[in-house]
file model04.cif (mmCIF, C-alpha atoms)
data_target
loop_
_atom_site.label_atom_id
_atom_site.label_comp_id
_atom_site.auth_asym_id
_atom_site.auth_seq_id
_atom_site.Cartn_x
_atom_site.Cartn_y
_atom_site.Cartn_z
CA MET N 1 -108.14 -52.65 52.79
CA ALA N 2 -105.59 -49.98 52.77
CA SER N 3 -104.04 -49.11 56.06
CA ALA N 4 -101.43 -46.61 57.11
CA LEU N 5 -98.63 -46.77 59.63
CA ILE N 6 -97.50 -43.43 60.99
CA ASN N 7 -94.59 -42.77 63.28
CA VAL N 8 -94.45 -39.26 64.76
CA PRO N 9 -93.05 -38.45 68.19
CA LYS N 10 -95.83 -37.77 70.70
CA LYS N 11 -93.83 -35.06 72.42
CA ALA N 12 -91.09 -32.73 71.32
CA LYS N 13 -89.30 -29.60 72.48
CA ARG N 14 -89.99 -26.43 70.53
CA GLY N 15 -87.48 -26.10 67.72
CA ASP N 16 -86.53 -29.77 67.66
CA VAL N 17 -86.09 -31.44 64.28
CA ILE N 18 -88.37 -34.47 64.31
CA GLU N 19 -88.54 -37.39 61.92
CA ILE N 20 -91.86 -38.47 60.44
CA LYS N 21 -92.17 -41.97 59.03
CA THR N 22 -95.15 -43.15 57.04
CA LEU N 23 -96.06 -46.39 55.36
CA MET N 24 -99.20 -47.01 53.34
CA SER N 25 -100.19 -50.50 52.31
CA HIS N 26 -100.65 -50.52 48.56
CA ILE N 27 -99.77 -52.94 45.76
CA MET N 28 -98.16 -50.23 43.57
CA GLU N 29 -98.82 -52.21 40.39
CA THR N 30 -96.41 -50.82 37.82
CA GLY N 31 -98.42 -51.30 34.66
CA TYR N 32 -95.40 -52.94 33.06
CA ARG N 33 -96.03 -56.48 34.26
CA HIS N 34 -98.08 -59.06 32.41
CA THR N 35 -99.75 -62.32 33.23
CA ALA N 36 -98.54 -65.68 31.96
CA ALA N 37 -101.19 -65.30 29.23
CA GLY N 38 -99.49 -62.13 28.04
CA GLN N 39 -102.08 -59.64 29.24
CA VAL N 40 -100.75 -56.39 30.66
CA ILE N 41 -101.81 -55.75 34.24
CA PRO N 42 -103.11 -52.16 34.36
CA ARG N 43 -101.24 -49.60 36.42
CA ASP N 44 -102.52 -49.06 39.95
CA ILE N 45 -100.24 -46.84 42.03
CA ILE N 46 -100.33 -44.06 44.58
CA THR N 47 -99.37 -40.92 42.70
CA SER N 48 -99.26 -38.31 45.39
CA PHE N 49 -98.61 -37.87 49.10
CA THR N 50 -99.08 -34.75 51.20
CA CYS N 51 -98.33 -33.95 54.82
CA ARG N 52 -99.85 -30.92 56.57
CA TYR N 53 -98.87 -29.58 59.97
CA ASN N 54 -101.74 -27.63 61.49
CA GLY N 55 -103.11 -27.01 58.03
CA GLU N 56 -99.87 -25.89 56.42
CA GLU N 57 -98.28 -28.14 53.82
CA ILE N 58 -94.80 -29.14 54.98
CA PHE N 59 -94.05 -32.03 52.64
CA ARG N 60 -95.34 -33.40 49.36
CA ALA N 61 -94.23 -36.19 47.06
CA ASP N 62 -95.05 -37.46 43.56
CA PHE N 63 -94.75 -41.19 43.20
CA PHE N 64 -93.99 -43.17 40.05
CA PRO N 65 -94.16 -46.93 39.41
CA ALA N 66 -90.52 -47.11 40.53
CA ILE N 67 -91.61 -46.65 44.16
CA ALA N 68 -91.75 -50.04 45.89
CA ALA N 69 -95.00 -51.63 47.03
CA ASN N 70 -96.33 -50.34 50.36
CA PRO N 71 -94.67 -46.95 49.92
CA PHE N 72 -92.49 -45.95 52.85
CA LEU N 73 -91.42 -42.37 53.36
CA SER N 74 -89.36 -40.68 56.00
CA PHE N 75 -88.84 -36.93 56.21
CA PHE N 76 -88.21 -34.22 58.78
CA THR N 77 -89.80 -31.10 60.15
CA VAL N 78 -89.25 -28.61 62.95
CA ALA N 79 -91.61 -28.99 65.91
CA LYS N 80 -93.16 -25.51 66.05
CA GLU N 81 -96.35 -25.85 68.02
CA SER N 82 -98.65 -28.50 69.41
CA GLY N 83 -101.15 -29.73 66.93
CA LYS N 84 -101.96 -32.22 64.29
CA PHE N 85 -100.21 -33.79 61.34
CA GLU N 86 -102.52 -34.79 58.52
CA PHE N 87 -101.41 -37.22 55.85
CA GLU N 88 -103.08 -37.84 52.55
CA TRP N 89 -102.38 -40.38 49.82
CA THR N 90 -104.10 -40.28 46.44
CA GLY N 91 -103.68 -42.53 43.46
CA ASP N 92 -105.08 -44.42 40.49
CA ASN N 93 -108.63 -45.78 40.44
CA GLY N 94 -109.82 -43.11 42.87
CA PHE N 95 -107.51 -44.24 45.66
CA SER N 96 -107.65 -41.79 48.55
CA GLU N 97 -106.62 -42.39 52.15
CA THR N 98 -105.99 -40.08 55.06
CA ALA N 99 -104.41 -40.44 58.45
CA SER N 100 -103.47 -38.08 61.25
CA SER N 101 -101.29 -37.89 64.29
CA SER N 102 -101.02 -35.32 67.07
CA ILE N 103 -97.98 -33.88 68.77
CA THR N 104 -97.42 -31.96 71.99
CA VAL N 105 -94.72 -29.33 71.75
CA GLU N 106 -93.34 -27.93 74.99
CA MET U 1 -63.81 -85.17 -1.08
CA LYS U 2 -61.66 -82.06 -1.27
CA MET U 3 -64.71 -79.87 -1.62
CA ARG U 4 -66.32 -81.35 1.43
CA LYS U 5 -63.21 -80.92 3.47
CA SER U 6 -62.88 -77.29 2.60
CA GLU U 7 -66.58 -76.80 3.30
CA GLY U 8 -66.07 -78.25 6.75
CA SER U 9 -63.17 -76.01 7.44
CA THR U 10 -65.04 -72.90 6.36
CA ARG U 11 -67.89 -73.79 8.64
CA ARG U 12 -65.44 -74.33 11.45
CA GLN U 13 -63.80 -71.05 10.62
CA PHE U 14 -67.13 -69.33 10.47
CA LEU U 15 -68.19 -70.71 13.81
CA GLY U 16 -64.88 -69.68 15.24
CA ILE U 17 -65.23 -66.15 13.95
CA ALA U 18 -68.85 -66.00 15.09
CA GLY U 19 -67.81 -67.19 18.52
CA THR U 20 -65.18 -64.50 18.90
CA ALA U 21 -67.61 -61.93 17.58
CA VAL U 22 -70.15 -62.90 20.25
CA ALA U 23 -67.49 -62.83 22.92
CA ILE U 24 -66.26 -59.41 21.80
CA GLY U 25 -69.78 -58.17 21.33
CA THR U 26 -71.13 -59.07 24.74
CA ILE U 27 -68.40 -58.40 27.22
CA PRO U 28 -67.28 -54.88 26.44
CA VAL U 29 -70.75 -53.43 25.75
CA VAL U 30 -71.02 -52.27 29.36
CA SER U 31 -67.46 -51.16 29.89
CA LEU U 32 -67.16 -49.34 26.56
CA ARG U 33 -69.98 -46.95 27.37
CA PRO U 34 -68.57 -43.60 28.51
CA VAL U 35 -69.02 -43.11 32.24
CA ALA U 36 -71.07 -39.93 31.98
CA ALA U 37 -73.40 -41.09 29.22
CA THR U 38 -76.94 -41.80 30.33
CA PRO U 39 -79.75 -43.04 28.13
CA GLU U 40 -81.68 -40.30 26.43
CA THR U 41 -84.95 -40.92 28.24
CA MET U 42 -83.36 -40.13 31.58
CA THR U 43 -81.81 -36.94 30.26
CA ALA U 44 -85.16 -35.97 28.74
CA ALA U 45 -86.96 -36.64 32.02
CA ILE U 46 -84.44 -34.52 33.91
CA ARG U 47 -84.85 -31.69 31.39
CA ASN U 48 -88.62 -31.94 31.83
CA VAL U 49 -88.34 -31.27 35.52
CA ILE U 50 -85.51 -28.76 35.73
CA GLY U 51 -85.54 -27.12 32.30
CA SER U 52 -82.25 -25.98 30.81
CA ALA U 53 -80.66 -24.89 34.08
CA THR U 54 -77.19 -26.17 34.87
CA VAL U 55 -76.78 -28.88 37.46
CA ARG U 56 -73.67 -28.97 39.60
CA THR U 57 -72.32 -32.01 41.38
CA GLY U 58 -72.17 -31.83 45.15
CA LYS U 59 -74.18 -31.00 48.26
CA VAL U 60 -76.33 -34.08 47.67
CA LYS U 61 -75.65 -37.46 49.21
CA LEU U 62 -77.42 -40.42 47.63
CA ASP U 63 -77.38 -43.55 49.76
CA VAL U 64 -78.31 -46.79 48.02
CA PRO U 65 -76.75 -50.19 48.53
CA PRO U 66 -74.16 -50.80 45.78
CA LEU U 67 -75.33 -54.39 45.38
CA VAL U 68 -78.94 -55.45 45.86
CA GLU U 69 -80.33 -58.93 45.62
CA ASN U 70 -83.95 -57.96 45.10
CA GLY U 71 -84.77 -54.97 42.89
CA ASN U 72 -88.35 -54.92 44.17
CA THR U 73 -87.48 -53.01 47.27
CA VAL U 74 -84.28 -51.03 47.49
CA PRO U 75 -83.84 -48.63 50.42
CA MET U 76 -82.73 -45.17 49.38
CA THR U 77 -81.82 -42.11 51.45
CA ILE U 78 -81.04 -38.69 50.05
CA THR U 79 -79.41 -36.05 52.19
CA VAL U 80 -78.88 -32.49 51.01
CA SER U 81 -76.52 -30.30 53.00
CA SER U 82 -78.29 -27.04 53.68
CA PRO U 83 -78.74 -24.72 56.66
CA ASN U 84 -82.52 -25.24 56.31
CA THR U 85 -83.43 -21.67 57.20
CA PRO U 86 -86.31 -19.71 55.62
CA GLU U 87 -83.69 -17.94 53.45
CA ASP U 88 -81.68 -20.99 52.48
CA HIS U 89 -83.42 -24.34 52.34
CA VAL U 90 -84.10 -27.31 50.08
CA LYS U 91 -87.09 -26.80 47.79
CA SER U 92 -87.29 -30.21 46.20
CA ILE U 93 -85.49 -33.45 45.46
CA HIS U 94 -85.99 -35.34 42.19
CA VAL U 95 -84.79 -38.88 41.59
CA PHE U 96 -84.22 -40.51 38.20
CA ASN U 97 -83.05 -43.86 36.89
CA GLU U 98 -81.53 -45.05 33.66
CA LYS U 99 -83.05 -48.38 32.81
CA ASN U 100 -86.46 -48.84 34.43
CA PRO U 101 -89.38 -48.69 31.96
CA GLN U 102 -89.91 -45.10 33.13
CA PRO U 103 -87.07 -42.70 33.98
CA ASN U 104 -88.76 -41.02 36.98
CA ILE U 105 -88.62 -42.45 40.47
CA GLY U 106 -90.10 -39.69 42.57
CA ASN U 107 -90.33 -35.97 43.27
CA PHE U 108 -90.18 -34.81 46.87
CA TYR U 109 -91.10 -31.27 47.82
CA LEU U 110 -89.64 -30.04 51.08
CA GLY U 111 -89.70 -26.48 52.28
CA PRO U 112 -88.46 -23.93 54.80
CA ARG U 113 -89.97 -25.98 57.64
CA ALA U 114 -88.18 -29.23 56.86
CA GLY U 115 -85.43 -28.77 59.43
CA ARG U 116 -83.29 -31.31 57.65
CA GLY U 117 -82.93 -31.85 53.92
CA GLN U 118 -83.29 -35.57 54.04
CA ILE U 119 -85.78 -38.14 52.79
CA SER U 120 -85.88 -41.94 52.74
CA THR U 121 -88.02 -44.30 50.75
CA ARG U 122 -87.89 -47.67 49.01
CA ILE U 123 -87.63 -47.99 45.26
CA ARG U 124 -87.77 -50.56 42.48
CA LEU U 125 -84.97 -51.21 40.03
CA ALA U 126 -85.46 -53.21 36.86
CA ASP U 127 -81.76 -53.59 36.11
CA SER U 128 -78.27 -52.75 37.28
CA GLN U 129 -78.03 -49.06 36.60
CA LYS U 130 -77.25 -45.50 37.61
CA ILE U 131 -79.52 -43.46 39.82
CA THR U 132 -79.38 -39.68 39.89
CA ALA U 133 -80.77 -37.41 42.56
CA ILE U 134 -81.13 -33.69 41.89
CA ALA U 135 -81.91 -31.16 44.58
CA ARG U 136 -83.30 -27.69 44.00
CA LEU U 137 -82.35 -25.18 46.69
CA SER U 138 -84.28 -22.05 47.60
CA ASP U 139 -82.00 -19.93 45.38
CA ASP U 140 -83.01 -22.25 42.49
CA SER U 141 -79.51 -23.69 42.14
CA LEU U 142 -79.43 -27.39 41.28
CA TRP U 143 -77.13 -29.99 42.77
CA SER U 144 -76.83 -33.64 41.96
CA ALA U 145 -75.39 -36.97 43.02
CA THR U 146 -75.22 -40.25 41.13
CA ALA U 147 -74.90 -43.80 42.38
CA ASP U 148 -74.38 -47.13 40.65
CA VAL U 149 -76.42 -50.10 41.75
CA VAL U 150 -75.98 -53.72 40.75
CA VAL U 151 -79.26 -55.64 40.86
CA THR U 152 -79.45 -59.43 40.92
CA LEU U 153 -83.23 -59.91 40.72
CA ALA U 154 -85.00 -57.32 38.60
CA ALA U 155 -88.30 -55.65 39.44
CA CYS U 156 -91.15 -53.99 37.53
CA THR U 157 -91.51 -56.16 34.46
CA GLU U 158 -91.45 -59.73 35.68
CA GLU U 159 -94.30 -62.08 34.91
CA VAL U 160 -96.98 -62.71 37.49
CA ILE U 161 -97.09 -66.35 38.45
#
call {"tool": "encode", "arguments": {"input": "model04.cif", "output": "structure tokens"}}
result
Amino acid sequence: MASALINVPKKAKRGDVIEIKTLMSHIMETGYRHTAAGQVIPRDIITSFTCRYNGEEIFRADFFPAIAANPFLSFFTVAKESGKFEFEWTGDNGFSETASSSITVE
Amino acid sequence: MKMRKSEGSTRRQFLGIAGTAVAIGTIPVVSLRPVAATPETMTAAIRNVIGSATVRTGKVKLDVPPLVENGNTVPMTITVSSPNTPEDHVKSIHVFNEKNPQPNIGNFYLGPRAGRGQISTRIRLADSQKITAIARLSDDSLWSATADVVVTLAACTEEVI
């Protein structure tokens, strides 16, 4: 089933800009492909991604079929306080996955 | 006999003309298109997201390989130069393409806590085409960058084997 890969530094100094990398395994079926028999394969993609840092939304993305399979995202944030990053992916056919990662800020 | 001969020559002539027409027709189609012109769907999609506001070129750096072998996964990095302070930061980044079945690629919403106005992801490209990234800053000004990508193997629409 779906699984996520998250890369967040475990420790950071207060005020540091840190990079967050996420990868969610997903087929990202475009809805524009068809089988050899000519049948259209229905769309099945992740449509939305959210990242919260101690409850506050710091990053959000809308995905379209033009995002490659197993969507990879990298973005940045300022390490403000120790706590938790929560990630959420939602998509077609009721797809919903969450992941989290904690950070210690000194 | 005479008739036949002239018939033959007209056919030859016709084929010759047709051949040149094909040659003329195919080669310049790409190069004749004005540089700034983008298909209507892309322009419409951009208008959908940003409204009628004016977009200026600059501040945005769009990194995509100029030549990709496989359109199924193309790395893309967008960097927006901004001080990233609560007063002056990047609100969002929107990416569009010209020739995929759908003009949108993705919308990315950053904020005052981003620290750096940069995102990376991997995209699909169905054809050699232009990609445009538009960034909205906290003062609602819009900045853009465009890149050309040549794709050898197309994505999105191929048949499943």
call {"tool": "resolve_selection", "arguments": {"input": "model04.cif", "expression": "the PyMOL selection byres ((chain U) within 10 of (chain N))", "output": "JSON, numbers by chain"}}
result
{"U": [71, 72, 73, 74, 75, 76, 77, 91, 92, 93, 94, 96, 97, 100, 101, 102, 103, 104, 105, 106, 107, 108, 109, 110, 111, 112, 113, 114, 115, 116, 117, 118, 119, 120, 121, 122, 123, 124, 125, 126, 155, 156, 157, 158, 159, 160, 161]}
call {"tool": "resolve_selection", "arguments": {"input": "model04.cif", "expression": "the PyMOL selection byres ((chain N and resi 96) around 12)", "output": "list in words"}}
result
Met1, Ala2, Ser3, Ala4, Met24, His26, Ile45, Ile46, Thr47, Ser48, Phe49, Thr50, Phe87, Glu88, Trp89, Thr90, Gly91, Asp92, Asn93, Gly94, Phe95, Glu97, Thr98 and Ala99 of chain N
call {"tool": "resolve_selection", "arguments": {"input": "model04.cif", "expression": "the PyMOL selection byres ((chain N and resi 10) around 8)", "output": "MDAnalysis selection string"}}
result
chainID N and resid 8:9 11:12 102:104
call {"tool": "atom_distance", "arguments": {"input": "model04.cif", "atom1": "atom CA of U:Arg56", "atom2": "atom CA of U:Leu142"}}
result
6.2 Å
call {"tool": "residues_around", "arguments": {"input": "model04.cif", "residues": "N:Asn54", "least_positions_apart": "5", "cutoff": "10 Å", "atoms": "all atoms listed in the file", "output": "PDB file with C-alpha atoms, keeping the file's coordinate frame"}}
result
ATOM      1  CA  LYS N  80     -93.160 -25.510  66.050  1.00  0.00           C
ATOM      2  CA  GLU N  81     -96.350 -25.850  68.020  1.00  0.00           C
ATOM      3  CA  SER N  82     -98.650 -28.500  69.410  1.00  0.00           C
ATOM      4  CA  GLY N  83    -101.150 -29.730  66.930  1.00  0.00           C
ATOM      5  CA  LYS N  84    -101.960 -32.220  64.290  1.00  0.00           C
ATOM      6  CA  PHE N  85    -100.210 -33.790  61.340  1.00  0.00           C
ATOM      7  CA  GLU N  86    -102.520 -34.790  58.520  1.00  0.00           C
ATOM      8  CA  SER N 102    -101.020 -35.320  67.070  1.00  0.00           C
TER       9      SER N 102
END
